[in-house]
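As provided, coords.txt (compact mmCIF, C-alpha atoms) reads as follows.
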# COMPACT_ATOMS: atom_id res chain seq x y z
CA GLN A 1 25.57 -20.92 16.94
CA VAL A 2 23.83 -19.02 14.16
CA THR A 3 26.78 -17.87 12.13
CA GLY A 4 28.26 -17.89 8.66
CA TYR A 5 26.62 -18.04 5.24
CA LEU A 6 22.91 -18.35 4.51
CA ASP A 7 21.61 -20.90 1.99
CA ASP A 8 20.68 -19.59 -1.47
CA CYS A 9 22.54 -16.31 -0.69
CA THR A 10 26.02 -14.84 -0.87
CA CYS A 11 25.48 -13.12 2.47
CA ASP A 12 26.47 -14.09 6.00
CA VAL A 13 24.93 -13.51 9.42
CA GLU A 14 27.78 -11.35 10.74
CA THR A 15 27.49 -8.78 7.91
CA ILE A 16 23.76 -8.39 8.57
CA ASP A 17 24.27 -8.05 12.33
CA ALA A 18 26.84 -5.28 11.98
CA PHE A 19 24.85 -3.42 9.30
CA ASN A 20 21.50 -3.68 11.07
CA ASN A 21 22.42 -3.18 14.70
CA TYR A 22 24.75 -0.22 14.31
CA LYS A 23 23.67 1.55 11.12
CA LEU A 24 20.10 0.86 10.15
CA PHE A 25 18.13 -0.04 13.27
CA PRO A 26 18.54 3.31 15.14
CA ARG A 27 17.46 5.36 12.11
CA LEU A 28 14.56 3.08 11.28
CA ASN A 29 13.30 3.28 14.85
CA GLU A 30 13.23 7.05 14.69
CA LEU A 31 11.24 6.94 11.45
CA LEU A 32 8.67 4.51 12.86
CA GLU A 33 7.99 6.76 15.83
CA SER A 34 6.86 9.58 13.53
CA ASP A 35 3.15 10.34 13.03
CA TYR A 36 3.10 9.11 9.46
CA PHE A 37 4.25 5.60 10.39
CA ARG A 38 2.70 5.07 13.80
CA TYR A 39 -0.95 5.16 12.69
CA TYR A 40 -2.17 2.06 10.84
CA LYS A 41 -5.77 1.59 9.77
CA VAL A 42 -7.00 -1.93 10.30
CA ASN A 43 -10.25 -3.87 10.46
CA LEU A 44 -10.00 -6.29 13.38
CA GLN A 45 -13.66 -7.30 13.11
CA LYS A 46 -13.42 -9.30 9.88
CA PRO A 47 -14.72 -12.85 10.35
CA CYS A 48 -12.37 -15.79 9.81
CA PRO A 49 -13.03 -17.01 6.24
CA PHE A 50 -11.82 -20.59 6.81
CA TRP A 51 -13.46 -21.95 9.93
CA ASP A 52 -16.05 -20.92 12.51
CA ASP A 53 -14.08 -19.05 15.06
CA ASN A 54 -15.52 -17.85 18.31
CA SER A 55 -12.35 -18.34 20.30
CA HIS A 56 -11.53 -14.69 20.96
CA CYS A 57 -8.82 -14.25 23.50
CA GLY A 58 -10.37 -12.85 26.67
CA MET A 59 -7.07 -11.77 28.22
CA ARG A 60 -6.67 -8.04 28.68
CA ASP A 61 -3.24 -8.02 27.02
CA CYS A 62 -4.91 -9.20 23.81
CA ALA A 63 -7.01 -6.06 23.50
CA VAL A 64 -6.20 -3.29 21.04
CA GLN A 65 -6.93 0.30 21.88
CA PRO A 66 -8.12 2.16 18.74
CA CYS A 67 -7.39 5.90 18.41
CA PRO A 68 -10.04 8.53 18.86
CA SER A 69 -10.26 10.20 15.45
CA ASP A 70 -9.35 13.65 16.81
CA GLU A 71 -5.90 12.31 17.71
CA ILE A 72 -5.12 11.34 14.12
CA PRO A 73 -3.19 14.06 12.22
CA ASP A 74 -5.47 15.85 9.74
CA GLY A 75 -3.36 14.97 6.75
CA ILE A 76 -3.73 11.26 7.44
CA ARG A 77 -7.36 11.35 8.45
CA SER A 78 -8.57 13.40 5.51
CA GLY A 79 -8.18 10.38 3.28
CA SER A 80 -5.41 11.85 1.13
CA TYR A 81 -3.83 8.44 0.76
CA LYS A 82 -2.26 9.36 -2.54
CA TYR A 83 0.76 11.53 -2.40
CA SER A 84 1.05 13.39 -5.64
CA GLU A 85 1.90 17.06 -5.32
CA GLU A 86 -1.39 17.80 -6.96
CA ALA A 87 -3.36 16.03 -4.25
CA ASN A 88 -1.48 17.88 -1.52
CA ASN A 89 -1.92 21.33 -3.09
CA LEU A 90 -5.55 20.51 -3.53
CA ALA A 91 -5.85 19.73 0.17
CA GLU A 92 -4.45 23.13 1.05
CA GLU A 93 -6.67 24.99 -1.37
CA CYS A 94 -9.73 23.14 -0.33
CA GLU A 95 -11.10 24.95 2.70
CA GLU A 96 -13.14 21.90 3.50
CA ALA A 97 -10.01 19.87 4.10
CA LYS A 98 -11.89 17.96 6.76
CA ARG A 99 -14.43 16.88 4.18
CA LEU A 100 -11.75 15.71 1.80
CA GLY A 101 -13.11 12.19 2.08
CA ALA A 102 -15.96 13.35 -0.16
CA VAL A 103 -13.57 14.64 -2.78
CA ASP A 104 -15.73 14.14 -5.89
CA ASP A 105 -17.47 17.49 -6.11
CA SER A 106 -14.31 19.57 -5.74
CA LEU A 107 -11.95 17.66 -8.02
CA SER A 108 -10.95 18.55 -11.56
CA THR A 109 -11.80 15.97 -14.21
CA GLU A 110 -8.11 15.19 -14.57
CA THR A 111 -7.67 14.48 -10.86
CA ARG A 112 -10.85 12.43 -10.79
CA GLN A 113 -9.42 10.27 -13.58
CA ALA A 114 -6.20 9.85 -11.60
CA VAL A 115 -8.11 8.85 -8.46
CA LEU A 116 -10.06 6.28 -10.47
CA GLN A 117 -6.88 4.87 -11.93
CA TRP A 118 -5.32 4.69 -8.49
CA THR A 119 -8.31 2.86 -7.10
CA GLN A 120 -8.27 0.39 -9.95
CA HIS A 121 -4.58 -0.06 -9.48
CA ASP A 122 -4.92 -0.66 -5.76
CA ASP A 123 -7.37 -3.44 -6.53
CA SER A 124 -5.24 -4.88 -9.30
CA SER A 125 -3.76 -8.31 -9.52
CA ASP A 126 -0.20 -7.48 -8.51
CA SER A 127 -1.18 -7.53 -4.86
CA PHE A 128 0.11 -10.33 -2.65
CA CYS A 129 -2.29 -9.50 0.18
CA GLU A 130 -5.95 -9.48 0.94
CA ALA A 131 -5.96 -5.86 2.08
CA ASP A 132 -8.54 -4.49 4.51
CA ASP A 133 -11.15 -2.17 3.12
CA ILE A 134 -10.02 0.97 4.93
CA HIS A 135 -13.32 2.68 4.15
CA SER A 136 -15.29 0.04 6.01
CA PRO A 137 -17.04 1.39 9.13
CA ASP A 138 -15.24 -1.37 11.09
CA ALA A 139 -11.78 -0.13 10.07
CA GLU A 140 -10.11 1.94 12.78
CA TYR A 141 -6.81 3.71 13.21
CA VAL A 142 -4.49 2.11 15.72
CA ASP A 143 -1.46 3.81 17.25
CA LEU A 144 1.22 1.13 16.90
CA LEU A 145 3.38 2.72 19.60
CA LEU A 146 0.58 2.33 22.14
CA ASN A 147 -0.15 -1.26 21.08
CA PRO A 148 3.33 -2.85 20.92
CA GLU A 149 3.84 -6.41 19.80
CA ARG A 150 4.64 -8.51 22.85
CA TYR A 151 3.66 -11.63 24.76
CA THR A 152 -0.10 -11.65 25.39
CA GLY A 153 -0.66 -15.17 26.72
CA TYR A 154 -2.24 -16.23 23.41
CA LYS A 155 -0.94 -19.76 22.86
CA GLY A 156 -2.04 -23.40 22.87
CA PRO A 157 -4.39 -25.06 20.33
CA ASP A 158 -5.77 -21.82 18.86
CA ALA A 159 -2.38 -20.34 18.06
CA TRP A 160 -1.11 -23.73 16.87
CA LYS A 161 -4.06 -24.06 14.48
CA ILE A 162 -3.12 -20.77 12.76
CA TRP A 163 0.50 -21.71 12.13
CA ASN A 164 -0.45 -25.27 11.23
CA SER A 165 -2.84 -24.13 8.53
CA ILE A 166 -0.21 -21.70 7.20
CA TYR A 167 2.50 -24.36 6.93
CA GLU A 168 0.38 -27.36 5.96
CA GLU A 169 -1.89 -25.73 3.40
CA ASN A 170 0.09 -22.84 1.98
CA CYS A 171 3.79 -23.73 1.89
CA PHE A 172 3.61 -26.07 -1.14
CA LYS A 173 4.31 -29.03 1.12
CA PRO A 174 2.86 -32.47 0.33
CA GLN A 175 0.75 -33.99 3.14
CA ASN A 176 2.99 -37.04 3.51
CA VAL A 177 6.08 -34.96 4.32
CA LYS A 178 5.91 -34.12 8.01
CA ARG A 179 7.27 -30.89 9.42
CA PRO A 180 10.19 -31.13 11.85
CA LEU A 181 9.12 -31.34 15.51
CA ALA A 182 5.51 -32.02 14.49
CA SER A 183 4.12 -33.55 17.66
CA GLY A 184 3.54 -37.27 17.97
CA ARG A 185 4.17 -38.19 14.38
CA GLY A 186 7.29 -40.26 14.61
CA ASP A 187 9.48 -37.28 13.81
CA ASP A 188 12.75 -38.26 12.10
CA GLY A 189 14.58 -35.10 13.12
CA GLY A 190 13.33 -33.31 10.03
CA HIS A 191 15.36 -35.56 7.71
CA THR A 192 12.50 -36.27 5.26
CA PHE A 193 11.35 -32.67 5.39
CA TYR A 194 14.74 -31.14 4.58
CA LYS A 195 15.35 -33.71 1.87
CA TRP A 196 12.04 -32.59 0.31
CA LEU A 197 12.89 -28.90 0.77
CA LYS A 198 16.27 -29.34 -0.89
CA GLY A 199 14.60 -30.98 -3.86
CA VAL A 200 12.03 -28.26 -4.61
CA CYS A 201 12.66 -25.22 -6.78
CA VAL A 202 14.30 -22.14 -5.28
CA GLU A 203 11.00 -20.18 -5.25
CA LYS A 204 9.10 -22.76 -3.17
CA ARG A 205 12.05 -23.12 -0.84
CA ALA A 206 12.20 -19.32 -0.46
CA PHE A 207 8.47 -19.20 0.27
CA TYR A 208 8.82 -21.67 3.13
CA ARG A 209 11.85 -19.84 4.49
CA LEU A 210 10.07 -16.48 4.44
CA ILE A 211 7.16 -17.87 6.44
CA SER A 212 9.50 -19.65 8.85
CA GLY A 213 11.52 -16.40 9.20
CA LEU A 214 8.35 -14.45 9.95
CA HIS A 215 7.37 -17.07 12.55
CA ALA A 216 10.83 -16.85 14.13
CA SER A 217 10.70 -13.06 14.18
CA ILE A 218 7.32 -13.05 15.95
CA ASN A 219 8.59 -15.59 18.50
CA ILE A 220 11.64 -13.43 19.23
CA HIS A 221 9.40 -10.42 19.94
CA LEU A 222 7.27 -12.50 22.30
CA SER A 223 10.38 -13.77 24.13
CA ALA A 224 12.00 -10.31 24.27
CA ARG A 225 8.89 -8.51 25.57
CA TYR A 226 7.59 -11.12 27.95
CA LEU A 227 5.39 -10.36 30.94
CA LEU A 228 7.91 -10.92 33.74
CA GLN A 229 5.94 -9.38 36.57
CA ASP A 230 2.22 -8.70 36.85
CA THR A 231 1.10 -7.14 40.10
CA TRP A 232 -1.65 -4.63 40.77
CA SER A 233 0.93 -1.87 41.11
CA GLU A 234 3.00 -2.55 37.99
CA LYS A 235 3.60 -4.69 34.93
CA LYS A 236 7.12 -5.43 33.92
CA TRP A 237 8.04 -6.62 30.42
CA GLY A 238 11.46 -7.90 29.40
CA PRO A 239 13.51 -10.73 27.91
CA ASN A 240 12.54 -14.26 28.97
CA VAL A 241 15.59 -16.45 28.31
CA THR A 242 13.79 -19.75 29.05
CA GLU A 243 11.07 -18.95 26.52
CA PHE A 244 13.71 -18.00 23.96
CA GLN A 245 15.65 -21.23 24.52
CA GLN A 246 12.56 -23.39 24.21
CA ARG A 247 11.98 -21.97 20.76
CA PHE A 248 15.55 -21.64 19.45
CA ASP A 249 18.11 -23.62 21.49
CA GLU A 250 19.87 -26.15 19.25
CA VAL A 251 19.61 -29.01 21.76
CA LEU A 252 16.06 -28.34 22.95
CA THR A 253 14.75 -27.99 19.38
CA ARG A 254 16.89 -30.85 18.03
CA GLY A 255 18.73 -28.60 15.59
CA GLU A 256 15.60 -26.81 14.40
CA GLY A 257 16.15 -23.51 16.31
CA PRO A 258 19.27 -22.32 14.45
CA ARG A 259 17.56 -23.11 11.12
CA ARG A 260 14.60 -20.94 12.13
CA LEU A 261 16.96 -18.10 12.99
CA LYS A 262 18.75 -18.40 9.66
CA ASN A 263 15.36 -18.09 8.00
CA LEU A 264 14.85 -14.85 9.92
CA TYR A 265 18.03 -13.50 8.31
CA PHE A 266 16.77 -14.67 4.92
CA LEU A 267 13.53 -12.70 5.48
CA TYR A 268 15.65 -9.68 6.46
CA LEU A 269 17.56 -9.86 3.18
CA ILE A 270 14.40 -10.11 1.07
CA GLU A 271 12.75 -7.10 2.74
CA LEU A 272 16.00 -5.09 2.66
CA ARG A 273 16.31 -5.82 -1.06
CA ALA A 274 12.78 -4.52 -1.63
CA LEU A 275 13.65 -1.26 0.17
CA SER A 276 16.72 -0.80 -1.99
CA LYS A 277 14.62 -1.35 -5.14
CA VAL A 278 11.77 1.02 -4.31
CA LEU A 279 13.97 4.11 -3.90
CA PRO A 280 12.87 5.77 -7.24
CA PHE A 281 9.23 5.75 -6.09
CA PHE A 282 10.02 7.73 -2.93
CA GLU A 283 12.72 9.94 -4.45
CA ARG A 284 10.30 11.87 -6.66
CA PRO A 285 9.90 15.48 -5.52
CA GLY A 286 6.11 15.06 -5.70
CA PHE A 287 6.09 12.30 -3.09
CA GLN A 288 5.45 13.53 0.44
CA LEU A 289 4.91 11.78 3.74
CA TYR A 290 1.86 13.92 4.21
CA THR A 291 0.51 14.45 7.74
CA GLY A 292 -0.18 18.17 7.51
CA ASN A 293 2.86 19.17 9.60
CA LYS A 294 5.11 20.62 6.90
CA SER A 295 8.45 20.77 8.68
CA GLN A 296 8.07 17.30 10.22
CA ASP A 297 6.92 15.85 6.87
CA ALA A 298 10.02 17.22 5.13
CA GLU A 299 12.30 15.97 7.90
CA MET A 300 10.78 12.47 7.79
CA LYS A 301 11.06 12.26 4.02
CA HIS A 302 14.74 13.16 4.38
CA LEU A 303 15.18 10.39 6.98
CA LEU A 304 13.23 7.92 4.82
CA LEU A 305 15.50 8.57 1.83
CA GLU A 306 18.56 8.25 4.05
CA ILE A 307 17.33 4.80 5.15
CA LEU A 308 16.61 3.73 1.55
CA HIS A 309 20.06 4.89 0.38
CA LEU A 310 21.57 3.00 3.29
CA ALA A 311 19.59 -0.11 2.25
CA LYS A 312 20.92 0.32 -1.28
CA SER A 313 24.50 0.55 -0.03
CA PHE A 314 24.32 -2.89 1.64
CA PRO A 315 27.18 -4.88 0.08
CA LEU A 316 25.68 -8.39 -0.14
CA HIS A 317 22.15 -8.07 -1.44
CA PHE A 318 19.97 -11.06 -2.23
CA ASP A 319 19.80 -11.62 -5.97
CA GLU A 320 16.13 -12.06 -6.82
CA ASN A 321 16.95 -12.69 -10.48
CA SER A 322 17.12 -16.39 -9.63
CA PHE A 323 13.35 -16.20 -8.97
CA PHE A 324 10.91 -17.13 -11.72
CA ALA A 325 13.66 -17.48 -14.30
CA GLY A 326 13.64 -20.13 -17.04
CA ASN A 327 10.59 -21.13 -19.07
CA LYS A 328 8.31 -18.08 -19.23
CA LYS A 329 5.03 -19.98 -19.13
CA GLU A 330 6.10 -22.16 -16.20
CA ALA A 331 7.52 -19.13 -14.39
CA ALA A 332 4.29 -17.14 -14.78
CA LYS A 333 2.27 -20.07 -13.46
CA LEU A 334 4.58 -20.49 -10.47
CA LYS A 335 4.53 -16.77 -9.72
CA GLU A 336 0.73 -16.77 -9.68
CA GLU A 337 0.71 -19.79 -7.35
CA PHE A 338 3.20 -18.02 -5.10
CA ARG A 339 1.01 -14.90 -5.03
CA LEU A 340 -2.20 -16.80 -4.27
CA HIS A 341 -0.58 -18.84 -1.49
CA PHE A 342 0.66 -15.66 0.12
CA LYS A 343 -2.74 -14.00 -0.29
CA ASN A 344 -4.30 -16.94 1.51
CA ILE A 345 -1.89 -16.50 4.42
CA SER A 346 -2.92 -12.85 4.70
CA LYS A 347 -6.56 -14.02 4.97
CA ILE A 348 -5.67 -16.51 7.72
CA MET A 349 -4.63 -13.52 9.86
CA ASP A 350 -8.35 -12.75 10.30
CA CYS A 351 -8.62 -16.05 12.19
CA VAL A 352 -6.14 -15.06 14.92
CA GLY A 353 -8.11 -14.97 18.18
CA CYS A 354 -5.96 -12.40 19.99
CA PHE A 355 -6.60 -8.91 18.61
CA LYS A 356 -3.13 -7.60 19.34
CA CYS A 357 -1.57 -10.63 17.63
CA ARG A 358 -4.05 -10.20 14.76
CA LEU A 359 -3.06 -6.54 14.35
CA TRP A 360 0.66 -7.33 14.13
CA GLY A 361 0.08 -10.46 12.05
CA LYS A 362 -1.91 -8.47 9.49
CA LEU A 363 0.62 -5.65 9.46
CA GLN A 364 3.61 -7.97 8.99
CA THR A 365 2.00 -10.07 6.25
CA GLN A 366 0.93 -6.90 4.42
CA GLY A 367 4.47 -5.56 4.78
CA LEU A 368 6.06 -8.72 3.40
CA GLY A 369 3.41 -8.85 0.64
CA THR A 370 4.34 -5.27 -0.29
CA ALA A 371 8.03 -6.20 -0.36
CA LEU A 372 7.24 -9.07 -2.76
CA LYS A 373 5.12 -6.76 -4.91
CA ILE A 374 8.11 -4.38 -5.15
CA LEU A 375 10.56 -7.15 -6.08
CA PHE A 376 8.28 -8.37 -8.84
CA SER A 377 7.58 -4.87 -10.20
CA GLU A 378 11.17 -3.89 -10.89
CA ASN A 379 10.53 -3.01 -14.54
CA LEU A 380 7.59 -0.78 -13.61
CA ILE A 381 9.60 1.01 -10.90
CA GLU A 382 12.40 1.76 -13.35
CA LYS A 383 9.88 3.46 -15.65
CA ILE A 384 8.43 5.79 -12.97
CA PRO A 385 8.44 9.39 -14.31
CA GLU A 386 10.25 12.06 -12.28
CA SER A 387 7.04 14.04 -11.83
CA GLY A 388 3.34 13.39 -12.18
CA PRO A 389 1.52 10.25 -11.11
CA SER A 390 3.13 6.84 -11.57
CA TYR A 391 0.26 4.73 -12.86
CA GLY A 392 2.39 1.69 -13.56
CA PHE A 393 3.51 1.25 -9.97
CA GLN A 394 1.65 2.62 -6.97
CA LEU A 395 1.81 2.11 -3.22
CA THR A 396 -1.04 3.10 -0.92
CA ARG A 397 -0.35 4.72 2.45
CA GLN A 398 -1.36 1.40 4.07
CA GLU A 399 1.26 -0.48 2.06
CA ILE A 400 3.95 2.08 2.86
CA VAL A 401 3.21 2.00 6.60
CA ALA A 402 3.07 -1.81 6.58
CA LEU A 403 6.28 -2.18 4.54
CA PHE A 404 8.42 -0.09 6.91
CA ASN A 405 6.84 -1.36 10.12
CA ALA A 406 7.19 -4.98 9.02
CA PHE A 407 10.84 -4.41 8.21
CA GLY A 408 11.12 -2.61 11.56
CA ARG A 409 9.92 -5.80 13.28
CA VAL A 410 12.51 -7.97 11.49
CA SER A 411 15.22 -5.41 12.17
CA THR A 412 14.21 -5.41 15.86
CA SER A 413 14.41 -9.23 15.92
CA VAL A 414 17.98 -9.18 14.62
CA LYS A 415 18.86 -6.59 17.31
CA GLU A 416 17.10 -8.61 20.05
CA LEU A 417 19.06 -11.70 19.01
CA GLU A 418 22.27 -9.88 19.85
CA ASN A 419 20.78 -9.05 23.25
CA PHE A 420 19.88 -12.72 23.90
CA ARG A 421 23.36 -13.81 22.80
CA ASN A 422 24.91 -11.45 25.35
CA ILE A 423 22.59 -12.62 28.13
CA LEU A 424 23.34 -16.28 27.39
CA GLN A 425 27.09 -15.65 27.28
CA ASN A 426 26.96 -13.95 30.67
CA MET A 427 25.04 -16.89 32.10
CA ARG A 428 27.73 -19.41 31.15
Let me see whether you can do it: turn the structure in this file into structure tokens.
Amino acid sequence: QVTGYLDDCTCDVETIDAFNNYKLFPRLNELLESDYFRYYKVNLQKPCPFWDDNSHCGMRDCAVQPCPSDEIPDGIRSGSYKYSEEANNLAEECEEAKRLGAVDDSLSTETRQAVLQWTQHDDSSDSFCEADDIHSPDAEYVDLLLNPERYTGYKGPDAWKIWNSIYEENCFKPQNVKRPLASGRGDDGGHTFYKWLKGVCVEKRAFYRLISGLHASINIHLSARYLLQDTWSEKKWGPNVTEFQQRFDEVLTRGEGPRRLKNLYFLYLIELRALSKVLPFFERPGFQLYTGNKSQDAEMKHLLLEILHLAKSFPLHFDENSFFAGNKKEAAKLKEEFRLHFKNISKIMDCVGCFKCRLWGKLQTQGLGTALKILFSENLIEKIPESGPSYGFQLTRQEIVALFNAFGRVSTSVKELENFRNILQNMR
């Protein structure tokens, strides 16, 4: 039932399905299995900043297995998060590559300046996320392939509290307008809510739809990788059609399910647009996906550029020029509100009680935050010099890994939807 055009876009569901499932998804999957993209550094010990939270999920499927540091490729572990040619040559020259974390005493003044500027830039105000301090002793590398996003049993009041605080406090919604399907509140089928949503500006509407799309995407993963069998001899994960229908079936959700799925496609378009815009940053000869394995690094950069060119070739891109247009002062104020709301959502991820859900929640919000940062830095990206550092626009390794993995999750959701459609058709 999810078909045709998407609101606020010139694109339709069918075009995205064909493009994603047959062209982009297979290539993206290959990229995300490479060493550069599979290791993500995350601090899962940060306390929840909004409420006292001792409700850690005790189920074993909620646990995250961090990587022993000797399994992390040298190039990633040595702290060379910045990928200028200069930094990479330096790493080779420096016999103490392992000690590269303590770079200060072996760096030229020029490089030291660059590192300082990078650090300042990474902390600057264009960020949409509360990023983890990757130098904190609590931050650990996690192998994303060994800790896949799937159903963990984390649900009920704790999980509801997270989403409730995201929607109620951060989606620009007035308290008196109730969300569709909000339990026990005399729900009017979402009529008041959608009337309100139609009346707000395109940016606030987009914000809600991005969050709803992210929520839908996460729910698809949980339905597609559900624990179907749990015996002492084996665990079997696979698609759970009942779970999927409870969340998305038009009748069971009183029309809400298809809207959620359309918001997933909207999220896809926004993140795809960001990938098409960031191409100049990655195209520079000085940029390397540095892990220390030269031939694999070159191969992965080639694949990365292929994916970005493919993203650019998509025929019906979202036009972000409708965002923050009009009165400059008003637009700047709205943009700042938008950024702070999103930053708040990234902080809420530290309140998720299940560590595996927290890991993927943090990664996906950082990825979407990075996509937004790219879309709102278009002028800076256009000015990036062919060689040398790009001070105006910079992405850390964390942001790069989060950006592609987050888009990988949305791309997987679109692919899984096709799978559920086929299953449901065969059941009829």
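Taking CA of Val241 in chain A as the reference point, CA of Glu168 in chain A is found at 29.2 Å.
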Selected residue, from A:Glu234, A:Phe314, A:Gly292, A:Phe281, that lies nearest to Gly392 in chain A when counting all atoms listed in the file: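 Of all the options, A:Phe281 lies closest to Gly392 in chain A.
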For range 296-346 of chain A versus range 266-277 of chain A, which residues have an atom no more than 12 Å away, and what is each residue's nearest atom pair and distance in Å rounded to one decimal, using all atoms listed in the file, chain-then-number order, as a Markdown table?
| residue | atom | partner | partner_atom | distance |
| --- | --- | --- | --- | --- |
| A:Leu304 | CA | A:Leu275 | CA | 10.3 |
| A:Leu305 | CA | A:Leu275 | CA | 10.1 |
| A:Glu306 | CA | A:Ser276 | CA | 11.0 |
| A:Ile307 | CA | A:Leu275 | CA | 8.7 |
| A:Leu308 | CA | A:Ser276 | CA | 5.8 |
| A:His309 | CA | A:Ser276 | CA | 7.0 |
| A:Leu310 | CA | A:Ser276 | CA | 8.1 |
| A:Ala311 | CA | A:Ser276 | CA | 5.2 |
| A:Lys312 | CA | A:Ser276 | CA | 4.4 |
| A:Ser313 | CA | A:Ser276 | CA | 8.1 |
| A:Phe314 | CA | A:Leu272 | CA | 8.7 |
| A:Pro315 | CA | A:Arg273 | CA | 11.0 |
| A:Leu316 | CA | A:Leu269 | CA | 8.9 |
| A:His317 | CA | A:Arg273 | CA | 6.3 |
| A:Phe318 | CA | A:Leu269 | CA | 6.0 |
| A:Asp319 | CA | A:Arg273 | CA | 8.4 |
| A:Glu320 | CA | A:Ile270 | CA | 8.3 |
| A:Asn321 | CA | A:Arg273 | CA | 11.7 |
| A:Phe323 | CA | A:Ile270 | CA | 11.8 |
Separation of CA of Trp163 in chain A from CA of Pro47 in chain A, in Å and rounded to one decimal: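 For CA of Trp163 in chain A relative to CA of Pro47 in chain A, the distance reads 17.7 Å.
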Residues within 6 Å of Leu380 in chain A, all atoms listed in the file, excluding chain neighbours under 2 positions, as JSON, numbers by chain: {"A": [377, 378, 382, 383, 392, 393]}
Excluding range 352-358 of chain A and any residue of its chain fewer than 6 positions from it, enumerate the residues within 12 Å of it, using all atoms listed in the file, and give them as a compact mmCIF listing (two decimals) with C-alpha atoms, in the coordinates of the input.
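Contents of the output file around-v7.txt:
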# COMPACT_ATOMS: atom_id res chain seq x y z
CA VAL A 42 -7.00 -1.93 10.30
CA ASN A 43 -10.25 -3.87 10.46
CA LEU A 44 -10.00 -6.29 13.38
CA GLN A 45 -13.66 -7.30 13.11
CA LYS A 46 -13.42 -9.30 9.88
CA PRO A 47 -14.72 -12.85 10.35
CA CYS A 48 -12.37 -15.79 9.81
CA PRO A 49 -13.03 -17.01 6.24
CA PHE A 50 -11.82 -20.59 6.81
CA TRP A 51 -13.46 -21.95 9.93
CA ASP A 52 -16.05 -20.92 12.51
CA ASP A 53 -14.08 -19.05 15.06
CA ASN A 54 -15.52 -17.85 18.31
CA SER A 55 -12.35 -18.34 20.30
CA HIS A 56 -11.53 -14.69 20.96
CA CYS A 57 -8.82 -14.25 23.50
CA GLY A 58 -10.37 -12.85 26.67
CA MET A 59 -7.07 -11.77 28.22
CA ARG A 60 -6.67 -8.04 28.68
CA ASP A 61 -3.24 -8.02 27.02
CA CYS A 62 -4.91 -9.20 23.81
CA ALA A 63 -7.01 -6.06 23.50
CA VAL A 64 -6.20 -3.29 21.04
CA GLN A 65 -6.93 0.30 21.88
CA PRO A 66 -8.12 2.16 18.74
CA VAL A 142 -4.49 2.11 15.72
CA ASP A 143 -1.46 3.81 17.25
CA LEU A 144 1.22 1.13 16.90
CA LEU A 146 0.58 2.33 22.14
CA ASN A 147 -0.15 -1.26 21.08
CA PRO A 148 3.33 -2.85 20.92
CA GLU A 149 3.84 -6.41 19.80
CA ARG A 150 4.64 -8.51 22.85
CA TYR A 151 3.66 -11.63 24.76
CA THR A 152 -0.10 -11.65 25.39
CA GLY A 153 -0.66 -15.17 26.72
CA TYR A 154 -2.24 -16.23 23.41
CA LYS A 155 -0.94 -19.76 22.86
CA GLY A 156 -2.04 -23.40 22.87
CA PRO A 157 -4.39 -25.06 20.33
CA ASP A 158 -5.77 -21.82 18.86
CA ALA A 159 -2.38 -20.34 18.06
CA TRP A 160 -1.11 -23.73 16.87
CA LYS A 161 -4.06 -24.06 14.48
CA ILE A 162 -3.12 -20.77 12.76
CA TRP A 163 0.50 -21.71 12.13
CA SER A 165 -2.84 -24.13 8.53
CA ILE A 166 -0.21 -21.70 7.20
CA ILE A 218 7.32 -13.05 15.95
CA ASN A 219 8.59 -15.59 18.50
CA HIS A 221 9.40 -10.42 19.94
CA LEU A 222 7.27 -12.50 22.30
CA ILE A 345 -1.89 -16.50 4.42
CA SER A 346 -2.92 -12.85 4.70
CA GLN A 364 3.61 -7.97 8.99
CA THR A 365 2.00 -10.07 6.25
CA GLN A 366 0.93 -6.90 4.42
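For the pair CA of Phe37 in chain A and CA of Ser223 in chain A, the separation is 24.5 Å.
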Option closest in space to Arg409 in chain A, from A:Ser322, A:Gly361, A:Lys235, A:Phe207 [counting all atoms listed in the file]: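 Using all atoms listed in the file, Arg409 in chain A sits closest to A:Gly361.
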Counting only C-alpha atoms, the residue of A:Lys198, A:Tyr265, A:Phe19, A:Asp230 that sits nearest Gly4 in chain A: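 The closest residue to Gly4 in chain A is A:Tyr265.
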For range 248-253 of chain A: contacts at 10 Å, only C-alpha atoms, fewer than 4 positions along chain excluded, given as a ChimeraX atom specification: /A:1-2,180-181,189,216,219-220,242-244,257-261
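Distances from A:Glu418, A:Glu386, A:Glu256, A:Glu130 to Leu340 in chain A were compared using only C-alpha atoms, and the smallest one belongs to A:Glu130.
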Exercise: Phe282 in chain A partners within 9 Å, all atoms listed in the file, chain neighbours under 2 positions left out, as a VMD selection string: chain A and resid 278 to 280 284 to 288 301 304 to 305 308
